[in-house]
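Asks: Handing you a structure now.
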Amino acid sequence: MKKLMIAVIAAVASMQAVAADQAIVDIYNKTCVACHASGAVGAPKTGNAEEWAPRMEKGMDALVQSANAGLNAMPPKGMCFDCTDDQFKALIEYMATAQ
Ligand code: HEC
């Protein structure tokens with residue numbers, strides 16, 4: 001019985017992880033994708049770890065700050081006006097990691 005409970009808890013936990021990722025991908029597909037998929041106007045490309053490396057060196061806090069404030073051709077909040085800092089963090093991790 002105890003083993004079954006652990007299995008159920010583990011299954012629910014992993015489902016939540018997948019759901020969160022899908023929500024982030026949905027936000028990405030509505031907003032950041034416009035520039036970051038193609039590298040339009042000099043945006044670091046999604047899934048291109050090399051282009052993201054010098055950005056990641058600034059540290060996650062600085063990148064979340066840039067996402068909120070905008071940077072050159074990058075509009076404030078990346079056009080996701082209701083995104084939270086945690087969502088920006090997940091979006092940045094998603095874009096900076098090879099797909
Ligand atoms: C209208 C185009 C556009 C959209 C939409 C956009 N970006 Fe960007 N983004 C850029 C450009 C251009 C740069 C490069 C800016 C530079 O370094 O001059 C950039 C850079 C960044 C950086 C690196 C900032 C740094 O300090 O080096 C982060 C982080 C980022 N974008 C996150 C996001 C997120 C998250 C979204 C979606 C919520 C998003 N962007 C949507 C154009 C865009």
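Note on naming: chains are A, B, ... as they come in the structure tokens, residues start from 1 per chain, ligands start from 1 in the order shown.
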Counting only C-alpha atoms and all ligand atoms, what residues are within 7 Å of ligand 1, given as a ChimeraX atom specification?
Replies: /A:28,31-36,40-44,55,62-64,66-67,71-75,77-80,88,91-92
Asks: Please, what distance in Å, to one decimal, runs between CA of Asn68 in chain A and CA of Asp82 in chain A?
Replies: 10.5 Å
Asks: Quick one: pull the distance between CA of Glu57 in chain A and CA of Ala23 in chain A, Å, one decimal.
Replies: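 Distance between the two atoms: 26.1 Å.
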Asks: If I take CA of Pro54 in chain A and CA of Gln22 in chain A, how far is one from the other in Å, to one decimal?
Replies: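 Calculated distance between CA of Pro54 in chain A and CA of Gln22 in chain A is 26.6 Å.
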Asks: With distances taken over only C-alpha atoms, which residue among A:Ala53, A:Val25, A:Ala37, A:Ala69 lies nearest Ala90 in chain A?
Replies: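 With only C-alpha atoms as the atom set, the closest residue is A:Val25.
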